[in-house]
$ cat run_20.txt   # compact mmCIF, C-alpha atoms and all ligand atoms
# COMPACT_ATOMS: atom_id res chain seq x y z
CA MET A 30 88.13 181.70 102.29
CA LYS A 31 88.69 179.60 105.38
CA SER A 32 86.42 179.48 108.43
CA PHE A 33 87.14 177.17 111.35
CA THR A 34 87.36 176.57 115.08
CA TYR A 35 90.51 175.13 116.60
CA THR A 36 90.83 174.01 120.22
CA GLY A 37 94.30 173.01 121.45
CA GLN A 38 94.41 170.04 123.84
CA PRO A 39 96.76 170.73 126.74
CA ALA A 40 99.25 167.88 127.14
CA ARG A 41 102.97 167.64 127.72
CA VAL A 42 104.67 165.18 125.36
CA ILE A 43 108.14 163.72 125.78
CA PHE A 44 109.36 161.76 122.78
CA GLY A 45 112.57 159.84 122.18
CA SER A 46 114.67 156.80 122.98
CA GLY A 47 115.36 155.98 126.64
CA THR A 48 112.75 158.46 127.85
CA LEU A 49 111.60 156.10 130.64
CA SER A 50 114.49 157.62 132.57
CA ARG A 51 112.53 160.90 132.64
CA LEU A 52 109.54 159.46 134.54
CA ALA A 53 110.74 160.20 138.07
CA ALA A 54 111.35 163.86 137.20
CA GLU A 55 107.93 164.10 135.51
CA ILE A 56 106.17 162.79 138.62
CA GLU A 57 107.99 165.38 140.68
CA ARG A 58 107.16 168.09 138.17
CA LEU A 59 103.46 167.34 138.71
CA GLY A 60 104.03 167.85 142.44
CA CYS A 61 103.35 164.17 143.08
CA GLY A 62 105.27 161.40 144.82
CA ARG A 63 102.97 158.36 145.07
CA ALA A 64 102.26 156.99 141.60
CA LEU A 65 99.97 154.01 141.14
CA VAL A 66 101.42 152.09 138.19
CA LEU A 67 98.81 150.53 135.88
CA SER A 68 99.12 147.66 133.40
CA THR A 69 97.38 144.59 132.02
CA PRO A 70 98.35 141.21 133.53
CA GLU A 71 100.38 140.51 130.34
CA GLN A 72 102.45 143.68 130.73
CA ALA A 73 103.10 143.41 134.47
CA ASP A 74 106.82 142.90 133.77
CA HIS A 75 107.02 146.22 131.90
CA ALA A 76 105.20 147.81 134.82
CA ARG A 77 107.64 146.37 137.37
CA GLU A 78 110.56 147.71 135.34
CA VAL A 79 108.98 151.15 135.43
CA MET A 80 108.46 150.84 139.18
CA SER A 81 112.10 150.05 139.79
CA ARG A 82 113.06 153.10 137.71
CA ILE A 83 110.91 155.52 139.67
CA GLY A 84 111.92 153.98 143.01
CA GLY A 85 110.32 155.72 145.99
CA ALA A 86 107.79 157.54 143.76
CA ALA A 87 105.99 154.23 143.10
CA ALA A 88 103.11 153.69 145.50
CA GLY A 89 102.21 150.28 144.05
CA LEU A 90 101.01 148.30 141.04
CA PHE A 91 97.53 147.51 139.74
CA ASP A 92 97.95 145.03 136.88
CA GLY A 93 94.30 144.18 136.22
CA ALA A 94 93.53 146.50 133.26
CA ALA A 95 91.22 144.86 130.70
CA MET A 96 89.79 145.52 127.22
CA HIS A 97 86.81 147.94 126.88
CA THR A 98 87.50 149.44 130.35
CA PRO A 99 84.98 147.47 132.46
CA VAL A 100 83.58 149.53 135.36
CA SER A 101 84.05 146.52 137.66
CA VAL A 102 87.83 146.66 137.08
CA THR A 103 87.89 150.44 137.61
CA GLU A 104 86.13 149.97 140.95
CA LYS A 105 88.81 147.51 142.09
CA ALA A 106 91.52 149.92 140.98
CA MET A 107 89.77 152.77 142.84
CA LYS A 108 90.06 150.75 146.04
CA THR A 109 93.82 150.36 145.42
CA VAL A 110 94.11 154.12 144.80
CA ALA A 111 92.49 154.77 148.18
CA ASP A 112 94.37 152.03 150.08
CA LEU A 113 97.75 153.24 148.83
CA GLY A 114 97.00 156.96 149.00
CA ALA A 115 98.12 157.37 145.37
CA ASP A 116 98.43 160.97 144.13
CA CYS A 117 98.83 160.21 140.40
CA THR A 118 98.63 157.27 137.98
CA LEU A 119 101.29 156.00 135.60
CA ALA A 120 99.75 153.84 132.87
CA ILE A 121 102.10 151.71 130.77
CA GLY A 122 100.50 149.83 127.87
CA GLY A 123 97.94 150.22 125.07
CA GLY A 124 94.31 151.31 124.99
CA SER A 125 93.14 149.07 127.86
CA THR A 126 95.63 150.38 130.40
CA ILE A 127 95.36 153.99 129.31
CA GLY A 128 91.57 153.63 129.48
CA LEU A 129 91.83 152.54 133.10
CA GLY A 130 93.98 155.57 133.96
CA LYS A 131 91.34 157.81 132.34
CA ALA A 132 88.52 156.10 134.23
CA ILE A 133 90.37 156.74 137.51
CA ALA A 134 90.99 160.37 136.51
CA LEU A 135 87.28 160.81 135.75
CA ARG A 136 86.44 159.77 139.32
CA THR A 137 89.35 161.38 141.21
CA ASP A 138 90.92 164.08 139.00
CA LEU A 139 94.32 162.48 139.73
CA PRO A 140 96.97 163.56 137.20
CA GLN A 141 97.92 160.91 134.64
CA ILE A 142 101.23 160.01 133.09
CA CYS A 143 100.93 157.64 130.11
CA VAL A 144 103.62 155.48 128.56
CA PRO A 145 102.10 154.04 125.35
CA THR A 146 103.43 150.73 124.02
CA THR A 147 101.25 150.52 120.86
CA TYR A 148 100.20 152.94 118.11
CA ALA A 149 96.55 153.19 119.22
CA GLY A 150 96.68 156.87 120.26
CA SER A 151 94.21 156.89 123.17
CA GLU A 152 96.76 158.78 125.29
CA MET A 153 96.23 161.96 123.22
CA THR A 154 92.43 162.04 123.47
CA PRO A 155 89.86 163.34 125.97
CA ILE A 156 87.71 160.30 125.11
CA LEU A 157 86.79 157.45 127.48
CA GLY A 158 84.69 154.39 126.59
CA GLU A 159 83.58 152.33 129.58
CA THR A 160 81.56 149.09 129.69
CA ALA A 161 79.06 148.04 132.33
CA ASN A 162 76.78 145.00 131.92
CA GLY A 163 77.94 144.57 128.32
CA VAL A 164 76.96 148.11 127.30
CA LYS A 165 79.66 150.54 126.18
CA LYS A 166 79.26 154.21 127.00
CA THR A 167 81.66 156.72 125.44
CA GLN A 168 82.18 160.24 126.71
CA ARG A 169 84.38 163.16 125.83
CA THR A 170 85.65 165.27 128.74
CA LEU A 171 88.89 167.12 129.41
CA LYS A 172 88.91 165.46 132.85
CA VAL A 173 90.28 162.28 131.24
CA LEU A 174 92.94 163.88 129.01
CA PRO A 175 96.36 162.69 130.29
CA GLU A 176 98.63 165.45 131.61
CA VAL A 177 101.93 163.90 130.49
CA VAL A 178 102.69 161.38 127.74
CA VAL A 179 106.12 159.80 127.58
CA TYR A 180 106.82 158.07 124.25
CA ASP A 181 109.84 155.76 124.49
CA VAL A 182 110.72 154.34 121.07
CA ASP A 183 112.63 151.52 122.82
CA LEU A 184 109.38 150.05 124.17
CA THR A 185 108.05 149.60 120.62
CA LEU A 186 111.06 147.63 119.36
CA SER A 187 109.50 144.39 120.60
CA LEU A 188 106.01 145.05 119.17
CA PRO A 189 105.45 142.02 116.86
CA PRO A 190 105.35 142.77 113.09
CA ALA A 191 101.70 141.76 112.58
CA LEU A 192 100.56 143.87 115.52
CA SER A 193 102.75 146.80 114.40
CA ALA A 194 101.10 146.65 110.97
CA THR A 195 97.46 146.62 112.12
CA SER A 196 98.02 148.95 115.09
CA GLY A 197 99.72 151.37 112.66
CA MET A 198 96.90 151.15 110.08
CA ASN A 199 94.32 151.62 112.84
CA ALA A 200 96.16 154.79 113.87
CA LEU A 201 96.45 155.98 110.28
CA ALA A 202 92.66 155.79 109.96
CA HIS A 203 92.34 158.60 112.54
CA ALA A 204 94.50 160.94 110.46
CA ALA A 205 92.78 159.94 107.21
CA GLU A 206 89.30 160.68 108.59
CA ALA A 207 90.51 163.88 110.28
CA LEU A 208 91.27 165.28 106.81
CA TYR A 209 87.56 165.31 105.88
CA ALA A 210 86.04 165.71 109.37
CA GLU A 211 83.07 168.05 109.68
CA ASP A 212 85.03 170.07 112.27
CA ARG A 213 88.40 169.85 110.47
CA ASN A 214 90.79 172.77 110.75
CA PRO A 215 94.11 173.70 109.12
CA VAL A 216 96.28 172.82 112.14
CA ILE A 217 94.91 169.31 112.55
CA SER A 218 94.98 168.81 108.78
CA LEU A 219 98.71 169.62 108.75
CA MET A 220 99.27 167.06 111.48
CA ALA A 221 97.10 164.50 109.71
CA GLU A 222 98.96 164.74 106.42
CA GLU A 223 102.31 164.50 108.21
CA ALA A 224 101.01 161.52 110.22
CA VAL A 225 99.87 159.57 107.15
CA SER A 226 103.14 160.29 105.42
CA ALA A 227 105.28 159.21 108.41
CA LEU A 228 103.33 156.00 109.00
CA ALA A 229 103.03 155.00 105.35
CA ARG A 230 106.77 155.47 104.94
CA ALA A 231 107.77 153.74 108.18
CA LEU A 232 105.43 150.76 108.47
CA PRO A 233 106.87 148.63 105.64
CA ASP A 234 110.36 149.04 107.14
CA VAL A 235 109.06 148.38 110.66
CA VAL A 236 107.48 145.13 109.50
CA ALA A 237 110.69 144.12 107.68
CA ASP A 238 112.93 144.93 110.66
CA GLY A 239 111.21 145.87 113.91
CA SER A 240 114.47 146.48 115.74
CA ASN A 241 115.47 149.55 113.70
CA ARG A 242 115.17 152.58 116.02
CA ALA A 243 115.00 155.15 113.20
CA THR A 244 111.96 153.63 111.47
CA ARG A 245 110.33 152.77 114.83
CA SER A 246 110.77 156.42 115.75
CA ASP A 247 109.02 157.57 112.53
CA ALA A 248 106.15 155.14 113.15
CA LEU A 249 105.66 156.24 116.76
CA TYR A 250 105.88 159.90 115.73
CA GLY A 251 103.16 159.29 113.14
CA ALA A 252 101.08 157.42 115.72
CA TRP A 253 101.35 160.33 118.16
CA LEU A 254 100.05 162.76 115.52
CA CYS A 255 97.21 160.36 114.67
CA GLY A 256 96.23 160.35 118.34
CA VAL A 257 96.10 164.16 118.33
CA CYS A 258 93.83 164.02 115.25
CA LEU A 259 91.48 161.54 116.95
CA GLY A 260 91.35 163.69 120.08
CA SER A 261 90.63 166.89 118.18
CA VAL A 262 88.07 166.27 115.43
CA GLY A 263 85.17 163.93 114.72
CA MET A 264 85.40 160.62 112.88
CA ALA A 265 83.09 159.54 110.03
CA LEU A 266 82.01 156.58 107.85
CA HIS A 267 85.10 154.44 108.45
CA HIS A 268 84.61 154.48 112.21
CA LYS A 269 80.86 153.94 111.96
CA LEU A 270 81.40 150.84 109.79
CA CYS A 271 84.11 149.45 112.06
CA HIS A 272 81.98 149.93 115.18
CA VAL A 273 79.07 148.12 113.52
CA LEU A 274 81.24 145.27 112.24
CA GLY A 275 83.33 144.91 115.40
CA GLY A 276 80.32 145.05 117.71
CA THR A 277 78.04 142.77 115.68
CA PHE A 278 80.50 140.03 114.74
CA ASP A 279 83.01 140.42 117.57
CA LEU A 280 85.85 141.08 115.11
CA PRO A 281 89.35 142.10 116.26
CA HIS A 282 89.61 145.91 116.45
CA ALA A 283 92.84 146.82 114.62
CA GLN A 284 92.39 144.22 111.87
CA THR A 285 88.84 145.40 111.17
CA HIS A 286 90.06 148.99 110.83
CA THR A 287 92.90 147.90 108.56
CA ILE A 288 90.52 146.06 106.22
CA VAL A 289 87.78 148.70 106.04
CA LEU A 290 89.94 151.84 105.69
CA PRO A 291 90.78 151.63 101.94
CA HIS A 292 87.09 151.12 101.13
CA ALA A 293 85.84 153.97 103.32
CA ILE A 294 88.41 156.34 101.83
CA ALA A 295 87.54 155.33 98.26
CA TYR A 296 83.83 155.77 99.06
CA ASN A 297 84.40 159.31 100.32
CA ALA A 298 86.86 160.29 97.59
CA PRO A 299 84.34 162.01 95.27
CA ALA A 300 82.99 164.13 98.14
CA ALA A 301 86.28 165.18 99.78
CA PRO A 302 88.69 166.48 97.13
CA GLU A 303 90.95 168.44 99.51
CA ALA A 304 91.35 165.46 101.82
CA MET A 305 92.15 163.24 98.85
CA ALA A 306 94.76 165.70 97.60
CA ALA A 307 96.44 165.62 101.03
CA LEU A 308 96.25 161.81 101.18
CA SER A 309 97.66 161.54 97.66
CA ARG A 310 100.62 163.71 98.63
CA ALA A 311 101.18 161.74 101.84
CA LEU A 312 100.88 158.34 100.18
CA GLY A 313 102.63 159.31 96.95
CA ALA A 314 99.79 157.88 94.86
CA ASP A 315 96.81 159.15 92.85
CA GLU A 316 94.14 156.92 94.34
CA PRO A 317 94.42 156.98 98.15
CA GLY A 318 91.95 154.10 98.68
CA ARG A 319 93.87 151.84 96.35
CA ALA A 320 97.20 152.98 97.84
CA LEU A 321 96.00 152.05 101.35
CA PHE A 322 94.83 148.66 100.08
CA ASP A 323 98.27 148.08 98.56
CA LEU A 324 100.00 149.33 101.73
CA ALA A 325 98.06 146.84 103.88
CA GLY A 326 98.91 144.08 101.41
CA GLY A 327 102.59 144.97 101.51
CA LEU A 328 102.51 144.78 105.31
CA GLY A 329 101.04 141.29 105.15
CA ALA A 330 97.99 142.55 107.04
CA PRO A 331 94.56 140.96 106.54
CA ARG A 332 92.49 142.53 103.74
CA ALA A 333 89.29 140.46 103.89
CA LEU A 334 86.65 140.50 106.61
CA ARG A 335 85.94 136.86 105.86
CA ASP A 336 89.50 136.02 106.94
CA ILE A 337 88.95 137.48 110.41
CA GLY A 338 85.68 135.74 111.16
CA MET A 339 82.82 137.68 109.53
CA PRO A 340 80.14 135.36 108.09
CA GLU A 341 78.93 136.08 104.54
CA ASP A 342 75.31 136.14 105.62
CA GLY A 343 76.24 138.99 107.99
CA ILE A 344 76.70 141.43 105.10
CA ALA A 345 73.01 142.36 104.82
CA ARG A 346 72.74 142.87 108.58
CA ALA A 347 75.86 145.05 108.63
CA VAL A 348 74.40 147.22 105.85
CA ASP A 349 71.15 147.71 107.82
CA LEU A 350 73.06 148.70 110.96
CA ALA A 351 75.42 151.01 109.06
CA LEU A 352 72.40 152.95 107.77
CA GLU A 353 70.95 153.41 111.27
CA ASN A 354 71.97 156.67 113.03
CA PRO A 355 74.90 157.27 110.66
CA TYR A 356 77.76 159.56 111.77
CA TRP A 357 78.22 162.79 109.86
CA ASN A 358 80.02 161.90 106.60
CA PRO A 359 81.19 163.98 103.64
CA ARG A 360 79.32 161.71 101.20
CA ARG A 361 75.71 160.66 101.65
CA ILE A 362 75.32 157.08 102.92
CA GLU A 363 73.47 155.09 100.25
CA ARG A 364 72.28 151.53 100.73
CA ASP A 365 73.48 150.08 97.41
CA THR A 366 76.95 151.57 97.52
CA ILE A 367 77.45 150.65 101.20
CA HIS A 368 76.35 147.11 100.36
CA GLU A 369 78.93 147.04 97.58
CA LEU A 370 81.60 148.44 99.93
CA ILE A 371 81.02 145.86 102.66
CA THR A 372 80.84 143.02 100.12
CA ARG A 373 84.21 144.00 98.67
CA ALA A 374 85.77 144.36 102.13
CA TRP A 375 84.35 140.97 103.09
CA ALA A 376 85.84 139.30 100.02
CA GLY A 377 89.19 141.12 100.18
CA GLU A 378 88.76 142.84 96.82
CA PRO A 379 90.38 146.21 96.16
CA PRO A 380 88.17 149.27 96.74
CA GLU A 381 86.09 150.52 93.86
CA ALA A 382 88.01 153.08 91.84
CA GLY A 383 86.68 156.61 92.49
FE FE B 1 89.56 154.48 115.87

$ encode --input "run_20.txt" --output "structure tokens"
Amino acid sequence: MKSFTYTGQPARVIFGSGTLSRLAAEIERLGCGRALVLSTPEQADHAREVMSRIGGAAAGLFDGAAMHTPVSVTEKAMKTVADLGADCTLAIGGGSTIGLGKAIALRTDLPQICVPTTYAGSEMTPILGETANGVKKTQRTLKVLPEVVVYDVDLTLSLPPALSATSGMNALAHAAEALYAEDRNPVISLMAEEAVSALARALPDVVADGSNRATRSDALYGAWLCGVCLGSVGMALHHKLCHVLGGTFDLPHAQTHTIVLPHAIAYNAPAAPEAMAALSRALGADEPGRALFDLAGGLGAPRALRDIGMPEDGIARAVDLALENPYWNPRRIERDTIHELITRAWAGEPPEAG
């Protein structure tokens, strides 16, 4: 017998190739006409291209978005919103830019249009993490959920292979953990299995030939579904470990997630049989942890924490921190096994067979 709660997240999604041409009509559909375009300094060219496409509906550009959504940057952007009389935001980029659009929405309730250029998935979530004075505060509120998301496969054609691989694995982790989330439900589980299957199938081809629209489309489709999973249900051990490792040793986000995922999945395997059955179907393999380790290897992605800057003497500290205020997890968090997990991930060894 099933028992669950499912809450749909209201968002309009436009997916395809050449969908940037739909932006002007989407702004109008929202009843708006003065969009503040947002980007990082590195993606200002993309932003200018978008501005020329929407013509008179562009109020201006703020290209100062930065990692971890610093409140100081949001305050500058808020001044631009007021100066230009913007009535909506149009964020083009990855997590940093979309985070800025959410931070503005939190303060103004302005409608948001997002044009994602990576597989991170933030655009589908009501989650905002902001930093002030080096402290990150994360909140979940429907106020920050973007109204419209326009996925244009064409924008992902130039995503470099290494970034495509780790951004894709980072996304896949959201679907994998959704399958055993405490608040999982059948609808999100369907999406999660489909997401893992689409990404696992597409990523090797994307890395081999990033300019193929069909495989890029499968990867972006999978990434979209992963974003829905992240926005809908809670994450567990994998995310706890990555937050500890990333925060303590200043490790790169997507690579850390890519390395830890096979180990976290293998750890949880004995306690989450239904999730493992779904992952096995999606990955076409009996041992999902091992299959994810092999997938990352095939993509040429890093598989050892020591290769991305974690010191060996940090293992003991990471274990201590991982045991403090643990997230809900299907399997109990035990010191010895977590120590073993982190040691293997540090050395780049395959996950322990379940
Ligand atoms: Fe994540």

$ residues_near_ligand --input "run_20.txt" --ligand "ligand FE 1 (chain B)" --cutoff "7 Å" --atoms "only C-alpha atoms and all ligand atoms" --output "VMD selection string"
chain A and resid 199 to 200 202 to 203 268

$ atom_distance --input "run_20.txt" --atom1 "CA of Leu350 in chain A" --atom2 "CA of Val273 in chain A"
6.6 Å

$ residues_around --input "run_20.txt" --residues "Gly150 in chain A" --least-positions-apart "6" --cutoff "12 Å" --atoms "all atoms listed in the file" --output "ChimeraX atom specification"
/A:122-125,127-128,143-144,156,174-175,178,180,196-204,224,248-261

$ write_last_selection --input "run_20.txt" --atoms "C-alpha atoms" --output "PDB file, keeping the file's coordinate frame"
ATOM      1  CA  GLY A 122     100.500 149.830 127.870  1.00  0.00           C
ATOM      2  CA  GLY A 123      97.940 150.220 125.070  1.00  0.00           C
ATOM      3  CA  GLY A 124      94.310 151.310 124.990  1.00  0.00           C
ATOM      4  CA  SER A 125      93.140 149.070 127.860  1.00  0.00           C
ATOM      5  CA  ILE A 127      95.360 153.990 129.310  1.00  0.00           C
ATOM      6  CA  GLY A 128      91.570 153.630 129.480  1.00  0.00           C
ATOM      7  CA  CYS A 143     100.930 157.640 130.110  1.00  0.00           C
ATOM      8  CA  VAL A 144     103.620 155.480 128.560  1.00  0.00           C
ATOM      9  CA  ILE A 156      87.710 160.300 125.110  1.00  0.00           C
ATOM     10  CA  LEU A 174      92.940 163.880 129.010  1.00  0.00           C
ATOM     11  CA  PRO A 175      96.360 162.690 130.290  1.00  0.00           C
ATOM     12  CA  VAL A 178     102.690 161.380 127.740  1.00  0.00           C
ATOM     13  CA  TYR A 180     106.820 158.070 124.250  1.00  0.00           C
ATOM     14  CA  SER A 196      98.020 148.950 115.090  1.00  0.00           C
ATOM     15  CA  GLY A 197      99.720 151.370 112.660  1.00  0.00           C
ATOM     16  CA  MET A 198      96.900 151.150 110.080  1.00  0.00           C
ATOM     17  CA  ASN A 199      94.320 151.620 112.840  1.00  0.00           C
ATOM     18  CA  ALA A 200      96.160 154.790 113.870  1.00  0.00           C
ATOM     19  CA  LEU A 201      96.450 155.980 110.280  1.00  0.00           C
ATOM     20  CA  ALA A 202      92.660 155.790 109.960  1.00  0.00           C
ATOM     21  CA  HIS A 203      92.340 158.600 112.540  1.00  0.00           C
ATOM     22  CA  ALA A 204      94.500 160.940 110.460  1.00  0.00           C
ATOM     23  CA  ALA A 224     101.010 161.520 110.220  1.00  0.00           C
ATOM     24  CA  ALA A 248     106.150 155.140 113.150  1.00  0.00           C
ATOM     25  CA  LEU A 249     105.660 156.240 116.760  1.00  0.00           C
ATOM     26  CA  TYR A 250     105.880 159.900 115.730  1.00  0.00           C
ATOM     27  CA  GLY A 251     103.160 159.290 113.140  1.00  0.00           C
ATOM     28  CA  ALA A 252     101.080 157.420 115.720  1.00  0.00           C
ATOM     29  CA  TRP A 253     101.350 160.330 118.160  1.00  0.00           C
ATOM     30  CA  LEU A 254     100.050 162.760 115.520  1.00  0.00           C
ATOM     31  CA  CYS A 255      97.210 160.360 114.670  1.00  0.00           C
ATOM     32  CA  GLY A 256      96.230 160.350 118.340  1.00  0.00           C
ATOM     33  CA  VAL A 257      96.100 164.160 118.330  1.00  0.00           C
ATOM     34  CA  CYS A 258      93.830 164.020 115.250  1.00  0.00           C
ATOM     35  CA  LEU A 259      91.480 161.540 116.950  1.00  0.00           C
ATOM     36  CA  GLY A 260      91.350 163.690 120.080  1.00  0.00           C
ATOM     37  CA  SER A 261      90.630 166.890 118.180  1.00  0.00           C
TER      38      SER A 261
END

$ closest_residue --input "run_20.txt" --among "A:Glu222, A:Pro281, A:Gly37, A:Ser101" --to "Pro155 in chain A" --atoms "only C-alpha atoms"
A:Gly37

$ atom_distance --input "run_20.txt" --atom1 "CA of Lys172 in chain A" --atom2 "CA of Ala210 in chain A"
23.7 Å

$ closest_residue --input "run_20.txt" --among "A:Val348, A:Glu341, A:Ala229, A:Pro359" --to "Leu308 in chain A" --atoms "only C-alpha atoms"
A:Ala229

$ atom_distance --input "run_20.txt" --atom1 "CA of Met80 in chain A" --atom2 "CA of Cys61 in chain A"
14.8 Å

$ residues_around --input "run_20.txt" --residues "Thr277 in chain A" --least-positions-apart "2" --cutoff "10 Å" --atoms "all atoms listed in the file" --output "VMD selection string"
chain A and resid 271 to 275 279 to 280 339 343 346 to 347 350

$ residues_around --input "run_20.txt" --residues "Glu71 in chain A" --least-positions-apart "6" --cutoff "10 Å" --atoms "only C-alpha atoms" --output "ChimeraX atom specification"
/A:92-94,122

$ closest_residue --input "run_20.txt" --among "A:Thr195, A:Asn214, A:Gln168, A:Ser151" --to "Lys31 in chain A" --atoms "all atoms listed in the file"
A:Asn214

$ residues_around --input "run_20.txt" --residues "Ala307 in chain A" --least-positions-apart "4" --cutoff "12 Å" --atoms "only C-alpha atoms" --output "count of residues only"
27

$ closest_residue --input "run_20.txt" --among "A:Ala64, A:Ala73, A:Met153, A:Arg82" --to "Val110 in chain A" --atoms "all atoms listed in the file"
A:Ala64

$ closest_residue --input "run_20.txt" --among "A:Glu159, A:Asp365, A:Asp138, A:Glu55" --to "Leu119 in chain A" --atoms "only C-alpha atoms"
A:Glu55

$ residues_around --input "run_20.txt" --residues "Pro233 in chain A" --least-positions-apart "2" --cutoff "12 Å" --atoms "all atoms listed in the file" --output "MDAnalysis selection string"
chainID A and resid 190:191 193:195 197:198 227:231 235:239 241 244:245 247:248 323:330

$ closest_residue --input "run_20.txt" --among "A:Leu290, A:Ala106, A:Leu232, A:Ala120" --to "Arg373 in chain A" --atoms "all atoms listed in the file"
A:Leu290

$ residues_near_point --input "run_20.txt" --point "(85.1, 153.2, 108.0)" --cutoff "8 Å" --atoms "only C-alpha atoms" --output "PyMOL selection string"
chain A and resi 265-271+286+289-290+292-294

$ build_atoms --input "run_20.txt" --residues "range 331-343 of chain A" --atoms "N, CA and C atoms" --output "PDB file, in the coordinates of the input"
ATOM      1  N   PRO A 331      95.774 141.506 107.156  1.00  0.00           N
ATOM      2  CA  PRO A 331      94.560 140.960 106.540  1.00  0.00           C
ATOM      3  C   PRO A 331      93.853 142.028 105.706  1.00  0.00           C
ATOM      4  N   ARG A 332      93.223 141.585 104.595  1.00  0.00           N
ATOM      5  CA  ARG A 332      92.490 142.530 103.740  1.00  0.00           C
ATOM      6  C   ARG A 332      91.063 142.074 103.480  1.00  0.00           C
ATOM      7  N   ALA A 333      90.651 140.964 104.098  1.00  0.00           N
ATOM      8  CA  ALA A 333      89.290 140.460 103.890  1.00  0.00           C
ATOM      9  C   ALA A 333      88.614 140.205 105.224  1.00  0.00           C
ATOM     10  N   LEU A 334      87.393 140.723 105.364  1.00  0.00           N
ATOM     11  CA  LEU A 334      86.650 140.500 106.610  1.00  0.00           C
ATOM     12  C   LEU A 334      86.352 139.017 106.810  1.00  0.00           C
ATOM     13  N   ARG A 335      86.230 138.284 105.706  1.00  0.00           N
ATOM     14  CA  ARG A 335      85.940 136.860 105.860  1.00  0.00           C
ATOM     15  C   ARG A 335      87.111 136.122 106.506  1.00  0.00           C
ATOM     16  N   ASP A 336      88.318 136.671 106.351  1.00  0.00           N
ATOM     17  CA  ASP A 336      89.500 136.020 106.940  1.00  0.00           C
ATOM     18  C   ASP A 336      89.619 136.278 108.440  1.00  0.00           C
ATOM     19  N   ILE A 337      88.857 137.233 108.969  1.00  0.00           N
ATOM     20  CA  ILE A 337      88.950 137.480 110.410  1.00  0.00           C
ATOM     21  C   ILE A 337      87.647 137.114 111.120  1.00  0.00           C
ATOM     22  N   GLY A 338      86.805 136.337 110.438  1.00  0.00           N
ATOM     23  CA  GLY A 338      85.680 135.740 111.160  1.00  0.00           C
ATOM     24  C   GLY A 338      84.299 136.303 110.851  1.00  0.00           C
ATOM     25  N   MET A 339      84.162 137.188 109.835  1.00  0.00           N
ATOM     26  CA  MET A 339      82.820 137.680 109.530  1.00  0.00           C
ATOM     27  C   MET A 339      82.101 136.711 108.588  1.00  0.00           C
ATOM     28  N   PRO A 340      80.888 136.272 108.962  1.00  0.00           N
ATOM     29  CA  PRO A 340      80.140 135.360 108.090  1.00  0.00           C
ATOM     30  C   PRO A 340      79.556 136.111 106.893  1.00  0.00           C
ATOM     31  N   GLU A 341      79.454 135.427 105.744  1.00  0.00           N
ATOM     32  CA  GLU A 341      78.930 136.080 104.540  1.00  0.00           C
ATOM     33  C   GLU A 341      77.496 136.529 104.728  1.00  0.00           C
ATOM     34  N   ASP A 342      76.716 135.743 105.450  1.00  0.00           N
ATOM     35  CA  ASP A 342      75.310 136.140 105.620  1.00  0.00           C
ATOM     36  C   ASP A 342      75.158 137.315 106.599  1.00  0.00           C
ATOM     37  N   GLY A 343      76.293 137.807 107.129  1.00  0.00           N
ATOM     38  CA  GLY A 343      76.240 138.990 107.990  1.00  0.00           C
ATOM     39  C   GLY A 343      76.266 140.291 107.206  1.00  0.00           C
TER      40      GLY A 343
END
